[in-house]
file data-v8.cif (mmCIF, C-alpha atoms)
data_input
loop_
_atom_site.label_atom_id
_atom_site.label_comp_id
_atom_site.auth_asym_id
_atom_site.auth_seq_id
_atom_site.Cartn_x
_atom_site.Cartn_y
_atom_site.Cartn_z
CA MET A 1 12.55 -47.61 119.44
CA ALA A 2 13.76 -51.06 118.49
CA ASN A 3 15.01 -51.61 122.00
CA TRP A 4 11.67 -50.61 123.50
CA ARG A 5 9.86 -52.98 121.13
CA THR A 6 12.22 -55.77 122.12
CA TYR A 7 11.59 -55.18 125.81
CA TRP A 8 7.84 -54.93 125.20
CA ASP A 9 7.83 -58.22 123.26
CA ARG A 10 9.78 -59.91 126.03
CA PHE A 11 7.33 -58.58 128.62
CA ARG A 12 4.36 -59.84 126.60
CA ARG A 13 5.96 -63.28 126.21
CA TRP A 14 6.62 -63.38 129.94
CA MET A 15 3.00 -62.42 130.71
CA ARG A 16 1.75 -65.04 128.27
CA SER A 17 3.95 -67.66 129.91
CA CYS A 18 2.63 -66.70 133.35
CA ARG A 19 -0.98 -66.97 132.16
CA GLU A 20 -0.32 -70.36 130.56
CA SER A 21 1.33 -71.62 133.75
CA TYR A 22 -1.59 -70.31 135.82
CA TYR A 23 -4.20 -71.98 133.60
CA GLU A 24 -2.19 -75.21 133.49
CA PHE A 25 -1.96 -75.22 137.27
CA ASN A 26 -5.71 -74.69 137.62
CA CYS A 27 -6.57 -77.41 135.11
CA ASP A 28 -4.06 -80.00 136.31
CA LYS A 29 -4.60 -79.64 140.06
CA GLU A 30 -7.74 -81.14 141.56
CA PHE A 31 -6.71 -80.27 145.12
CA PHE A 32 -5.70 -76.81 146.27
CA VAL A 33 -2.01 -77.25 147.18
CA GLY A 34 -2.09 -74.03 149.20
CA ILE A 35 -4.07 -76.03 151.76
CA ASN A 36 -0.93 -78.00 152.64
CA ILE A 37 1.07 -74.81 153.19
CA CYS A 38 -1.62 -73.25 155.38
CA ALA A 39 -2.07 -76.49 157.32
CA LEU A 40 1.69 -76.56 157.89
CA VAL A 41 1.85 -72.98 159.19
CA GLY A 42 -1.34 -73.46 161.20
CA LYS A 43 0.19 -76.52 162.92
CA ILE A 44 -2.67 -78.80 161.84
CA HIS A 45 -1.10 -81.22 159.39
CA MET A 46 2.22 -81.71 157.59
CA ASP A 47 2.34 -83.59 154.30
CA SER A 48 6.01 -84.65 154.31
CA ASP A 49 8.04 -87.78 155.06
CA ASP A 50 11.27 -85.90 155.79
CA ARG A 51 12.24 -86.80 159.37
CA CYS A 52 14.33 -83.67 159.93
CA PHE A 53 11.53 -81.45 158.68
CA LYS A 54 9.04 -83.28 160.88
CA ARG A 55 11.22 -82.70 163.94
CA LEU A 56 11.45 -78.98 163.17
CA TRP A 57 7.69 -78.81 162.69
CA LYS A 58 7.06 -80.56 166.01
CA LEU A 59 9.49 -78.14 167.69
CA PHE A 60 7.52 -75.28 166.14
CA ARG A 61 4.32 -76.68 167.65
CA VAL A 62 5.99 -76.98 171.08
CA LEU A 63 7.21 -73.37 170.88
CA MET A 64 3.59 -72.27 170.44
CA LEU A 65 2.89 -73.63 173.93
CA LEU A 66 5.50 -71.17 175.19
CA VAL A 67 3.74 -68.35 173.31
CA PHE A 68 0.41 -69.33 174.86
CA GLY A 69 2.15 -69.36 178.24
CA PHE A 70 3.29 -65.76 177.66
CA LEU A 71 -0.29 -64.79 176.83
CA GLY A 72 -1.52 -66.39 180.04
CA TRP A 73 1.20 -64.60 181.98
CA ARG A 74 0.19 -61.27 180.41
CA PHE A 75 -3.47 -62.01 181.22
CA TYR A 76 -2.52 -62.61 184.86
CA LEU A 77 -0.52 -59.37 185.04
CA ASP A 78 -3.25 -57.27 183.41
CA VAL A 79 -6.32 -58.72 185.09
CA VAL A 80 -5.23 -60.20 188.41
CA GLU A 81 -2.30 -58.07 189.58
CA GLY A 82 -3.12 -54.89 187.64
CA GLU A 83 -5.99 -52.48 188.00
CA LEU A 84 -9.21 -54.24 187.08
CA GLU A 85 -10.64 -52.35 184.10
CA PHE A 86 -13.73 -53.61 182.32
CA ALA A 87 -12.38 -52.87 178.82
CA LYS A 88 -9.07 -54.58 179.57
CA LEU A 89 -10.89 -57.59 181.02
CA ILE A 90 -13.08 -57.89 177.91
CA ASN A 91 -10.02 -57.57 175.66
CA ASN A 92 -8.13 -60.37 177.36
CA VAL A 93 -11.12 -62.67 177.72
CA PHE A 94 -11.98 -62.14 174.05
CA ILE A 95 -8.47 -63.08 172.91
CA CYS A 96 -8.31 -66.12 175.19
CA SER A 97 -11.73 -67.23 173.96
CA ILE A 98 -10.66 -67.02 170.31
CA LEU A 99 -7.48 -68.99 171.02
CA LEU A 100 -9.44 -71.62 172.96
CA VAL A 101 -12.06 -72.04 170.23
CA THR A 102 -9.38 -72.24 167.53
CA SER A 103 -7.48 -74.87 169.52
CA ILE A 104 -10.61 -76.98 170.09
CA ARG A 105 -11.56 -76.89 166.42
CA SER A 106 -7.99 -77.71 165.40
CA ALA A 107 -8.02 -80.70 167.75
CA LEU A 108 -11.26 -81.91 166.15
CA ILE A 109 -9.80 -81.55 162.66
CA CYS A 110 -6.57 -83.33 163.65
CA ARG A 111 -8.59 -86.15 165.16
CA TYR A 112 -10.77 -86.76 162.11
CA TYR A 113 -8.29 -85.64 159.41
CA ALA A 114 -7.37 -88.57 157.17
CA ASP A 115 -6.39 -89.31 153.60
CA PHE A 116 -9.97 -90.12 152.62
CA VAL A 117 -10.73 -86.41 152.98
CA LEU A 118 -8.58 -85.78 149.93
CA GLU A 119 -10.46 -88.43 147.93
CA ILE A 120 -13.67 -86.39 147.88
CA ARG A 121 -14.06 -85.20 144.31
CA ARG A 122 -14.15 -81.41 144.27
CA LYS A 123 -15.86 -78.96 142.04
CA ALA A 124 -15.01 -76.64 144.93
CA TYR A 125 -11.46 -75.90 143.82
CA PHE A 126 -12.04 -72.28 142.80
CA VAL A 127 -14.31 -71.65 145.79
CA VAL A 128 -11.58 -72.89 148.13
CA LYS A 129 -8.95 -70.79 146.40
CA ASN A 130 -11.05 -67.63 146.47
CA VAL A 131 -12.00 -68.13 150.12
CA THR A 132 -8.32 -68.56 150.97
CA VAL A 133 -7.35 -65.35 149.21
CA VAL A 134 -10.16 -63.38 150.90
CA ILE A 135 -9.45 -64.69 154.41
CA LEU A 136 -5.68 -64.26 154.10
CA SER A 137 -6.08 -60.73 152.74
CA ASN A 138 -8.47 -59.86 155.56
CA MET A 139 -6.08 -61.29 158.14
CA VAL A 140 -3.09 -59.35 156.76
CA VAL A 141 -4.97 -56.03 156.43
CA PHE A 142 -6.96 -56.04 159.68
CA ILE A 143 -5.06 -58.36 162.05
CA SER A 144 -1.41 -59.04 161.23
CA GLY A 145 -0.36 -55.66 159.84
CA PRO A 146 -1.93 -53.47 162.56
CA SER A 147 -0.75 -55.81 165.33
CA LEU A 148 2.85 -55.37 164.18
CA MET A 149 2.52 -51.59 163.97
CA ILE A 150 0.41 -50.69 167.01
CA ASP A 151 0.83 -51.63 170.65
CA VAL A 152 -1.77 -54.23 171.64
CA PRO A 153 -1.66 -54.61 175.45
CA ALA A 154 -2.74 -58.25 175.40
CA PHE A 155 0.07 -59.12 172.95
CA ARG A 156 2.87 -57.59 175.02
CA LEU A 157 5.57 -59.82 176.46
CA PRO A 158 5.12 -60.28 180.22
CA PHE A 159 8.78 -59.38 180.80
CA ASN A 160 11.50 -57.00 179.58
CA ILE A 161 15.15 -57.81 178.89
CA PRO A 162 17.19 -55.45 181.15
CA ASN A 163 19.26 -52.83 179.31
CA MET A 164 18.46 -54.39 175.93
CA LYS A 165 15.65 -52.45 174.32
CA LEU A 166 16.44 -53.70 170.83
CA ALA A 167 16.39 -57.34 171.95
CA THR A 168 13.10 -56.74 173.77
CA TYR A 169 11.64 -55.12 170.66
CA VAL A 170 12.76 -58.01 168.42
CA CYS A 171 11.39 -60.61 170.85
CA GLN A 172 8.10 -58.71 170.98
CA LYS A 173 7.73 -58.80 167.19
CA VAL A 174 8.71 -62.49 167.02
CA HIS A 175 6.10 -63.17 169.70
CA ILE A 176 3.44 -61.41 167.59
CA LEU A 177 4.54 -63.25 164.43
CA MET A 178 4.17 -66.56 166.26
CA LEU A 179 0.69 -65.49 167.31
CA MET A 180 -0.13 -64.76 163.67
CA THR A 181 0.14 -68.50 162.97
CA VAL A 182 -2.96 -68.85 165.14
CA GLY A 183 -4.71 -66.70 162.53
CA VAL A 184 -3.59 -69.15 159.83
CA ASN A 185 -4.86 -71.94 162.06
CA PHE A 186 -8.21 -70.18 162.36
CA MET A 187 -8.34 -69.80 158.58
CA MET A 188 -7.62 -73.52 158.15
CA ASN A 189 -10.45 -74.36 160.56
CA ILE A 190 -12.82 -72.50 158.27
CA LEU A 191 -11.29 -73.62 155.00
CA LEU A 192 -11.18 -77.37 155.58
CA ILE A 193 -14.82 -77.54 156.63
CA PHE A 194 -15.83 -75.35 153.67
CA MET A 195 -13.87 -77.56 151.29
CA ILE A 196 -15.30 -80.85 152.51
CA LEU A 197 -18.87 -79.56 152.81
CA PHE A 198 -18.85 -77.96 149.37
CA GLY A 199 -17.29 -81.11 147.94
CA LEU A 200 -20.14 -83.22 149.34
CA ILE A 201 -22.68 -80.80 147.87
CA THR A 202 -20.99 -81.18 144.50
CA GLU A 203 -21.03 -84.97 144.86
CA GLY A 204 -24.76 -84.82 145.59
CA LYS A 205 -25.38 -82.78 142.43
CA VAL A 206 -23.37 -85.31 140.40
CA VAL A 207 -25.48 -88.18 141.79
CA ASP A 208 -28.69 -86.24 141.09
CA CYS A 209 -27.58 -85.64 137.49
CA ALA A 210 -26.68 -89.32 137.06
CA PHE A 211 -30.14 -90.47 138.21
CA SER A 212 -31.85 -87.99 135.88
CA ARG A 213 -30.22 -89.60 132.81
CA VAL A 214 -30.84 -93.31 133.45
CA PHE A 215 -33.87 -93.66 131.16
CA ASN A 216 -32.28 -91.64 128.36
CA GLN A 217 -29.20 -93.85 128.49
CA ALA A 218 -31.33 -97.00 128.47
CA LEU A 219 -33.39 -95.75 125.50
CA ASN A 220 -30.25 -94.83 123.58
CA ARG A 221 -28.92 -98.33 124.19
CA GLN A 222 -32.23 -99.77 122.99
CA ASP A 223 -32.09 -97.76 119.76
CA GLU A 224 -28.63 -99.13 119.00
CA SER A 225 -29.81 -102.76 119.17
CA GLY A 226 -31.20 -104.88 116.33
CA SER A 227 -34.46 -106.83 116.54
CA VAL A 228 -37.32 -106.04 118.91
CA PRO A 229 -36.52 -108.79 121.48
CA GLN A 230 -32.88 -107.73 121.50
CA ARG A 231 -33.85 -104.09 121.91
CA THR A 232 -36.11 -104.87 124.87
CA GLN A 233 -33.42 -107.03 126.46
CA ALA A 234 -30.84 -104.28 125.94
CA PHE A 235 -33.20 -101.72 127.49
CA TRP A 236 -33.72 -103.69 130.70
CA ASN A 237 -30.07 -104.65 131.04
CA GLU A 238 -28.90 -101.09 130.50
CA LEU A 239 -31.55 -99.68 132.86
CA ASN A 240 -30.56 -102.06 135.66
CA ASP A 241 -26.86 -101.36 135.12
CA ARG A 242 -27.39 -97.59 135.19
CA PHE A 243 -29.47 -97.80 138.37
CA ASP A 244 -26.81 -100.00 139.98
CA GLU A 245 -24.12 -97.44 139.16
CA CYS A 246 -26.21 -94.54 140.46
CA ILE A 247 -27.11 -96.37 143.67
CA GLU A 248 -23.43 -97.17 144.18
CA GLN A 249 -22.56 -93.46 143.78
CA HIS A 250 -25.33 -92.53 146.21
CA THR A 251 -24.09 -95.12 148.71
CA LEU A 252 -20.56 -93.72 148.48
CA LEU A 253 -21.93 -90.22 149.09
CA LEU A 254 -23.77 -91.40 152.22
CA GLN A 255 -20.62 -93.18 153.41
CA LYS A 256 -18.57 -90.01 153.03
CA ILE A 257 -21.20 -88.03 154.94
CA ALA A 258 -21.14 -90.68 157.68
CA LEU A 259 -17.33 -90.46 157.87
CA MET A 260 -17.53 -86.67 158.18
CA ARG A 261 -20.51 -86.58 160.55
CA ASN A 262 -18.52 -86.52 163.81
CA LEU A 263 -16.26 -83.75 162.51
CA PHE A 264 -19.21 -81.75 161.15
CA GLU A 265 -21.39 -82.04 164.24
CA SER A 266 -18.57 -81.23 166.68
CA THR A 267 -17.43 -78.27 164.58
CA PHE A 268 -20.98 -76.97 164.12
CA LEU A 269 -21.63 -77.14 167.87
CA VAL A 270 -18.41 -75.25 168.71
CA THR A 271 -19.01 -72.74 165.90
CA TYR A 272 -22.57 -71.93 166.93
CA TYR A 273 -21.90 -71.39 170.64
CA SER A 274 -18.57 -69.60 170.09
CA THR A 275 -20.27 -67.25 167.62
CA THR A 276 -22.99 -66.59 170.21
CA LEU A 277 -20.37 -65.91 172.89
CA HIS A 278 -18.29 -63.61 170.70
CA ILE A 279 -21.32 -61.64 169.52
CA ALA A 280 -22.25 -61.03 173.15
CA GLY A 281 -18.66 -60.13 174.07
CA GLY A 282 -18.36 -57.87 171.04
CA ALA A 283 -21.56 -56.07 172.01
CA PHE A 284 -20.25 -55.36 175.53
CA PHE A 285 -16.90 -54.33 174.07
CA LEU A 286 -18.63 -51.97 171.63
CA ILE A 287 -20.42 -49.98 174.32
CA SER A 288 -17.50 -49.92 176.77
CA LYS A 289 -14.75 -48.48 174.59
CA SER A 290 -14.21 -45.67 172.14
CA PHE A 291 -13.62 -46.58 168.52
CA ASP A 292 -9.98 -47.37 167.68
CA MET A 293 -7.91 -49.84 165.67
CA TYR A 294 -8.16 -52.52 168.33
CA MET A 295 -11.94 -52.29 168.35
CA LEU A 296 -11.89 -52.56 164.54
CA GLN A 297 -9.89 -55.78 164.85
CA MET A 298 -12.34 -57.28 167.32
CA ILE A 299 -15.34 -56.28 165.21
CA ASN A 300 -13.63 -57.81 162.18
CA VAL A 301 -13.13 -61.13 164.00
CA VAL A 302 -16.77 -61.20 165.13
CA VAL A 303 -18.02 -60.39 161.62
CA MET A 304 -15.81 -63.13 160.16
CA GLN A 305 -17.25 -65.64 162.62
CA VAL A 306 -20.81 -64.56 161.82
CA ILE A 307 -20.13 -64.93 158.09
CA GLU A 308 -18.60 -68.35 158.69
CA CYS A 309 -21.61 -69.46 160.73
CA PHE A 310 -23.95 -68.21 158.01
CA ILE A 311 -22.07 -70.05 155.24
CA LEU A 312 -21.93 -73.28 157.23
CA THR A 313 -25.65 -73.19 158.02
CA ARG A 314 -26.42 -72.25 154.42
CA TRP A 315 -24.34 -75.06 152.95
CA THR A 316 -25.61 -77.59 155.50
CA THR A 317 -29.16 -76.71 154.48
CA LEU A 318 -28.12 -76.90 150.82
CA LEU A 319 -26.60 -80.37 151.36
CA ASN A 320 -29.90 -81.54 152.87
CA ASP A 321 -31.80 -80.01 149.94
CA VAL A 322 -29.50 -81.64 147.37
CA HIS A 323 -29.90 -85.01 149.06
CA GLU A 324 -33.70 -84.67 149.08
CA SER A 325 -33.66 -83.54 145.44
CA ILE A 326 -32.12 -86.89 144.45
CA GLY A 327 -35.29 -88.62 145.63
CA ASP A 328 -37.44 -86.02 143.86
CA THR A 329 -35.48 -86.57 140.64
CA VAL A 330 -36.00 -90.34 140.82
CA TYR A 331 -39.70 -89.88 141.60
CA ASP A 332 -40.12 -87.50 138.64
CA LEU A 333 -38.53 -89.90 136.15
CA ASP A 334 -40.72 -91.17 133.34
CA TRP A 335 -41.04 -94.58 134.95
CA PRO A 336 -44.89 -94.86 134.74
CA GLN A 337 -44.62 -94.77 130.96
CA GLN A 338 -41.26 -96.43 130.38
CA LEU A 339 -41.65 -99.37 132.79
CA GLN A 340 -44.01 -101.76 131.02
CA HIS A 341 -44.50 -105.10 132.78
CA SER A 342 -44.16 -108.33 130.81
CA GLU A 343 -43.85 -111.97 131.84
CA ARG A 344 -40.50 -112.38 130.11
CA PHE A 345 -38.84 -109.45 131.85
CA SER A 346 -40.75 -109.64 135.13
CA ALA A 347 -37.58 -110.08 137.21
CA GLN A 348 -35.92 -107.01 135.67
CA TYR A 349 -39.12 -105.01 136.11
CA GLN A 350 -39.36 -105.89 139.81
CA ALA A 351 -35.66 -105.14 140.31
CA VAL A 352 -35.95 -101.65 138.82
CA ARG A 353 -39.05 -100.86 140.88
CA ALA A 354 -37.26 -102.02 144.05
CA LYS A 355 -34.26 -99.80 143.25
CA ILE A 356 -36.48 -96.78 142.66
CA LYS A 357 -38.30 -97.41 145.93
CA LEU A 358 -35.02 -97.89 147.83
CA THR A 359 -33.55 -94.63 146.50
CA ILE A 360 -36.66 -92.60 147.32
CA GLU A 361 -36.82 -94.04 150.85
CA ARG A 362 -33.15 -93.25 151.44
CA CYS A 363 -33.51 -89.67 150.26
CA ASN A 364 -36.62 -89.09 152.36
CA GLN A 365 -34.50 -89.59 155.49
CA PRO A 366 -33.02 -86.15 156.41
CA LEU A 367 -29.31 -85.94 157.16
CA ARG A 368 -29.90 -84.04 160.43
CA PHE A 369 -26.55 -82.72 161.62
CA SER A 370 -27.28 -82.52 165.35
CA ARG A 371 -24.63 -83.11 168.03
CA GLY A 372 -26.17 -84.93 170.97
CA GLY A 373 -29.67 -83.87 169.91
CA HIS A 374 -29.13 -80.26 171.06
CA PHE A 375 -30.39 -78.70 167.83
CA GLU A 376 -30.28 -79.22 164.09
CA PHE A 377 -27.66 -76.99 162.47
CA THR A 378 -29.66 -75.29 159.70
CA GLN A 379 -30.21 -71.82 158.29
CA GLU A 380 -33.26 -71.37 160.51
CA LYS A 381 -31.01 -71.75 163.56
CA PHE A 382 -28.72 -69.02 162.23
CA THR A 383 -31.74 -66.74 161.76
CA GLU A 384 -32.69 -67.29 165.41
CA LEU A 385 -29.13 -66.43 166.44
CA MET A 386 -29.16 -63.19 164.44
CA ASN A 387 -32.52 -62.15 165.90
CA THR A 388 -31.19 -62.73 169.42
CA ALA A 389 -27.96 -60.87 168.63
CA TYR A 390 -29.90 -57.92 167.21
CA SER A 391 -32.06 -57.69 170.32
CA LEU A 392 -28.97 -57.85 172.57
CA VAL A 393 -27.04 -55.18 170.64
CA THR A 394 -29.99 -52.77 170.48
CA PHE A 395 -30.69 -53.26 174.20
CA LEU A 396 -27.07 -52.59 175.19
CA TRP A 397 -26.86 -49.64 172.82
CA ASP A 398 -29.94 -48.06 174.39
CA MET A 399 -28.55 -48.70 177.89
CA ARG A 400 -25.08 -47.26 177.21
CA PRO A 401 -24.06 -44.37 179.53
#
call {"tool": "encode", "arguments": {"input": "data-v8.cif", "output": "C-alpha cells"}}
result
Amino acid sequence: MANWRTYWDRFRRWMRSCRESYYEFNCDKEFFVGINICALVGKIHMDSDDRCFKRLWKLFRVLMLLVFGFLGWRFYLDVVEGELEFAKLINNVFICSILLVTSIRSALICRYYADFVLEIRRKAYFVVKNVTVVILSNMVVFISGPSLMIDVPAFRLPFNIPNMKLATYVCQKVHILMLMTVGVNFMMNILLIFMILFGLITEGKVVDCAFSRVFNQALNRQDESGSVPQRTQAFWNELNDRFDECIEQHTLLLQKIALMRNLFESTFLVTYYSTTLHIAGGAFFLISKSFDMYMLQMINVVVMQVIECFILTRWTTLLNDVHESIGDTVYDLDWPQQLQHSERFSAQYQAVRAKIKLTIERCNQPLRFSRGGHFEFTQEKFTELMNTAYSLVTFLWDMRP
C-alpha cells in the first residue's frame, strides 16, 4: 500500500506541476506561440534567423510547387484524358478551387504581414487558442485522417513506380502529407484574420472604457487638491490630460485599422465570393453523388467556410458598432453639468469642448470595409448570401433525378 501511495503522490505532484506550467504559460504569454508553428508549417511566415533553417524552409516551399504540379497532372488525366464524369469533374474543380483560394489568401497575408501585427494588444489570446484547437481537431478528424486511410482519386499520384509497390505506396502517403500542409495554411488564413480583427475589437472596447472614466478621474483629482482655485485648476488640467490620452489611444486604433484595411478588404472579398462559389459547387456535388466519406469531407469544408464567413461578417459589424459606441459614450458623458464656463478657465473649457466634438465626429464616420466599392462586408451581406444559398439548394434538391 505504501508503494501505491508513493506512486499516487508522485502522480499528483506531476499533475500539479503540469497545471502550474499551463497557467504560467497562459499568464506570461501575450501572443499565441502556436501561431508561429502553424505559420511555419503552412508556409506563410518563419520567425527564425537561422540561415540553414531558412534554406530548408524555402526548399519545403519549393517542393510544394511539385506537389501542386502532381495535382494538376492528376486533374489532366482524370478530366481531359479520362472519361468525363460529372462527379469527378466537380471533385477536381472543388479541390483546385480550394487550393487556389488558399494560395491567394496566403499571398495577401504574406504581402501585408509585418511586425506591427504582433504589436496589437490582444484580449483575444484564449479565443485564438480555442479556435486553433477546434480547427486543427476538425482537420485531423475529417480531412487528414480519412485522406490517409481511404483512396481519394484526386489525391493519387499521376504515375506509378514500376515493380515497386511499396515505394509507390510510400510516395503516395508522403504526397498526401505534403497536401495536409495546405490545410494548415488554410487554418492560418482563418486564424490570423480572426486574431487581428478580434484584437482591434478589444482595443476599441479599451478606448471606450477609457473615455467613460475621464470625468471620474478628473473629479478624483479635484478632490485630492487643497483650496478651491487649486481644485478647479487641477480639475481642468486632469480633464484635458485624460482627453488627450484617450484621443491618442483612439488615433492609434484608427491607424491600426488603416494599416489592416488592405488586408481586410482583400481577404473579405476573396472569402465572400469563394464561399459563394463553394456553396454552389457543394450543392451540385450533393445532388450528383451518393453519400460517402469524400462527400462528408467536402461538406465539412463548405460548412467551415460558411462559419468563417459568418464570424468575419459578425466581427466586422461588431468592430463598427464598437467604434460607433465610443462616440455614444463621449456624447453620454456628464459634460453638460460638469463643464461650467468661467473667464479664468475659458481656454481649457474651449479645448475640452473641441476634443469632445472631434471624437464624436470621428466616431460618426463608419469604417466601411468595402473593396473597390463592390459591397460593404457586414452581417446583412452574409444574410443575403445564406438566403441565396438556401434557394439554390432547395431548387437543386427538388430538381434532382
call {"tool": "closest_residue", "arguments": {"input": "data-v8.cif", "among": "A:Arg362, A:Arg105, A:Arg12, A:Lys58", "to": "Ile190 of chain A", "atoms": "only C-alpha atoms"}}
result
A:Arg105
call {"tool": "resolve_selection", "arguments": {"input": "data-v8.cif", "expression": "the PyMOL selection byres ((chain A and resi 345) around 12)", "output": "short mmCIF file (atom, residue, chain, number, x, y, z; two decimals) with C-alpha atoms, in the coordinates of the input"}}
result
data_model
loop_
_atom_site.label_atom_id
_atom_site.label_comp_id
_atom_site.auth_asym_id
_atom_site.auth_seq_id
_atom_site.Cartn_x
_atom_site.Cartn_y
_atom_site.Cartn_z
CA PRO A 229 -36.52 -108.79 121.48
CA THR A 232 -36.11 -104.87 124.87
CA GLN A 233 -33.42 -107.03 126.46
CA ALA A 234 -30.84 -104.28 125.94
CA PHE A 235 -33.20 -101.72 127.49
CA TRP A 236 -33.72 -103.69 130.70
CA ASN A 237 -30.07 -104.65 131.04
CA ASN A 240 -30.56 -102.06 135.66
CA LEU A 339 -41.65 -99.37 132.79
CA GLN A 340 -44.01 -101.76 131.02
CA HIS A 341 -44.50 -105.10 132.78
CA SER A 342 -44.16 -108.33 130.81
CA GLU A 343 -43.85 -111.97 131.84
CA ARG A 344 -40.50 -112.38 130.11
CA SER A 346 -40.75 -109.64 135.13
CA ALA A 347 -37.58 -110.08 137.21
CA GLN A 348 -35.92 -107.01 135.67
CA TYR A 349 -39.12 -105.01 136.11
CA GLN A 350 -39.36 -105.89 139.81
CA ALA A 351 -35.66 -105.14 140.31
CA VAL A 352 -35.95 -101.65 138.82
#
call {"tool": "resolve_selection", "arguments": {"input": "data-v8.cif", "expression": "the PyMOL selection byres ((chain A and resi 329) around 12)", "output": "list in words"}}
result
Gly204, Lys205, Val207, Asp208, Cys209, Ala210, Phe211, Ser212, Arg213, Val214, Phe215, Asp321, Val322, His323, Glu324, Ser325, Ile326, Gly327, Asp328, Val330, Tyr331, Asp332, Leu333, Asp334, Trp335, Ile356, Thr359, Ile360 and Cys363 of chain A
call {"tool": "closest_residue", "arguments": {"input": "data-v8.cif", "among": "A:Gly183, A:Pro366, A:Gly281, A:Pro336", "to": "Thr316 of chain A", "atoms": "only C-alpha atoms"}}
result
A:Pro366
call {"tool": "resolve_selection", "arguments": {"input": "data-v8.cif", "expression": "the PyMOL selection byres ((chain A and resi 313) around 9)", "output": "PyMOL selection string"}}
result
chain A and resi 268+308-312+314-318+377-382
call {"tool": "atom_distance", "arguments": {"input": "data-v8.cif", "atom1": "atom CA of Ile98 of chain A", "atom2": "atom CA of Ser370 of chain A"}}
result
23.3 Å
call {"tool": "atom_distance", "arguments": {"input": "data-v8.cif", "atom1": "atom CA of Val170 of chain A", "atom2": "atom CA of Leu59 of chain A"}}
result
20.4 Å
call {"tool": "atom_distance", "arguments": {"input": "data-v8.cif", "atom1": "atom CA of Ser17 of chain A", "atom2": "atom CA of Asn130 of chain A"}}
result
22.3 Å
call {"tool": "residues_near_point", "arguments": {"input": "data-v8.cif", "point": "(-17.7, -56.9, 171.5)", "cutoff": "10 Å", "atoms": "all atoms listed in the file", "output": "short mmCIF file (atom, residue, chain, number, x, y, z; two decimals) with C-alpha atoms, keeping the file's coordinate frame"}}
result
data_model
loop_
_atom_site.label_atom_id
_atom_site.label_comp_id
_atom_site.auth_asym_id
_atom_site.auth_seq_id
_atom_site.Cartn_x
_atom_site.Cartn_y
_atom_site.Cartn_z
CA ALA A 87 -12.38 -52.87 178.82
CA ILE A 90 -13.08 -57.89 177.91
CA ASN A 91 -10.02 -57.57 175.66
CA PHE A 94 -11.98 -62.14 174.05
CA LEU A 277 -20.37 -65.91 172.89
CA HIS A 278 -18.29 -63.61 170.70
CA ILE A 279 -21.32 -61.64 169.52
CA ALA A 280 -22.25 -61.03 173.15
CA GLY A 281 -18.66 -60.13 174.07
CA GLY A 282 -18.36 -57.87 171.04
CA ALA A 283 -21.56 -56.07 172.01
CA PHE A 284 -20.25 -55.36 175.53
CA PHE A 285 -16.90 -54.33 174.07
CA LEU A 286 -18.63 -51.97 171.63
CA ILE A 287 -20.42 -49.98 174.32
CA SER A 288 -17.50 -49.92 176.77
CA LYS A 289 -14.75 -48.48 174.59
CA MET A 295 -11.94 -52.29 168.35
CA MET A 298 -12.34 -57.28 167.32
CA ILE A 299 -15.34 -56.28 165.21
CA VAL A 301 -13.13 -61.13 164.00
CA VAL A 302 -16.77 -61.20 165.13
CA VAL A 393 -27.04 -55.18 170.64
#
call {"tool": "closest_residue", "arguments": {"input": "data-v8.cif", "among": "A:Phe186, A:Leu108, A:Ile257, A:Thr181", "to": "Leu269 of chain A", "atoms": "all atoms listed in the file"}}
result
A:Leu108
call {"tool": "residues_around", "arguments": {"input": "data-v8.cif", "residues": "His175 of chain A", "least_positions_apart": "6", "cutoff": "9 Å", "atoms": "all atoms listed in the file", "output": "JSON, numbers by chain"}}
result
{"A": [67, 70, 155, 156, 157]}
call {"tool": "residues_around", "arguments": {"input": "data-v8.cif", "residues": "Phe75 of chain A", "least_positions_apart": "4", "cutoff": "9 Å", "atoms": "only C-alpha atoms", "output": "count of residues only"}}
result
10
call {"tool": "closest_residue", "arguments": {"input": "data-v8.cif", "among": "A:Leu358, A:Met304, A:Leu392, A:Met64", "to": "Leu179 of chain A", "atoms": "all atoms listed in the file"}}
result
A:Met64
call {"tool": "closest_residue", "arguments": {"input": "data-v8.cif", "among": "A:Val101, A:Glu361, A:Val174, A:Leu200", "to": "Leu63 of chain A", "atoms": "only C-alpha atoms"}}
result
A:Val174
call {"tool": "build_atoms", "arguments": {"input": "data-v8.cif", "residues": "segment 351-359 of chain A", "atoms": "N, CA and C atoms", "output": "PDB file, keeping the file's coordinate frame"}}
result
ATOM      1  N   ALA A 351     -36.935-105.648 139.803  1.00  0.00           N
ATOM      2  CA  ALA A 351     -35.660-105.140 140.310  1.00  0.00           C
ATOM      3  C   ALA A 351     -35.571-103.627 140.175  1.00  0.00           C
ATOM      4  N   VAL A 352     -35.993-103.094 139.027  1.00  0.00           N
ATOM      5  CA  VAL A 352     -35.950-101.650 138.820  1.00  0.00           C
ATOM      6  C   VAL A 352     -36.892-100.939 139.778  1.00  0.00           C
ATOM      7  N   ARG A 353     -38.101-101.471 139.951  1.00  0.00           N
ATOM      8  CA  ARG A 353     -39.050-100.860 140.880  1.00  0.00           C
ATOM      9  C   ARG A 353     -38.491-100.850 142.311  1.00  0.00           C
ATOM     10  N   ALA A 354     -37.834-101.951 142.701  1.00  0.00           N
ATOM     11  CA  ALA A 354     -37.260-102.020 144.050  1.00  0.00           C
ATOM     12  C   ALA A 354     -36.144-100.984 144.214  1.00  0.00           C
ATOM     13  N   LYS A 355     -35.357-100.781 143.168  1.00  0.00           N
ATOM     14  CA  LYS A 355     -34.260 -99.800 143.250  1.00  0.00           C
ATOM     15  C   LYS A 355     -34.809 -98.375 143.326  1.00  0.00           C
ATOM     16  N   ILE A 356     -35.859 -98.106 142.584  1.00  0.00           N
ATOM     17  CA  ILE A 356     -36.480 -96.780 142.660  1.00  0.00           C
ATOM     18  C   ILE A 356     -37.040 -96.531 144.059  1.00  0.00           C
ATOM     19  N   LYS A 357     -37.721 -97.538 144.592  1.00  0.00           N
ATOM     20  CA  LYS A 357     -38.300 -97.410 145.930  1.00  0.00           C
ATOM     21  C   LYS A 357     -37.205 -97.221 146.986  1.00  0.00           C
ATOM     22  N   LEU A 358     -36.114 -97.990 146.868  1.00  0.00           N
ATOM     23  CA  LEU A 358     -35.020 -97.890 147.830  1.00  0.00           C
ATOM     24  C   LEU A 358     -34.400 -96.491 147.812  1.00  0.00           C
ATOM     25  N   THR A 359     -34.174 -95.955 146.615  1.00  0.00           N
ATOM     26  CA  THR A 359     -33.550 -94.630 146.500  1.00  0.00           C
ATOM     27  C   THR A 359     -34.438 -93.549 147.094  1.00  0.00           C
TER      28      THR A 359
END
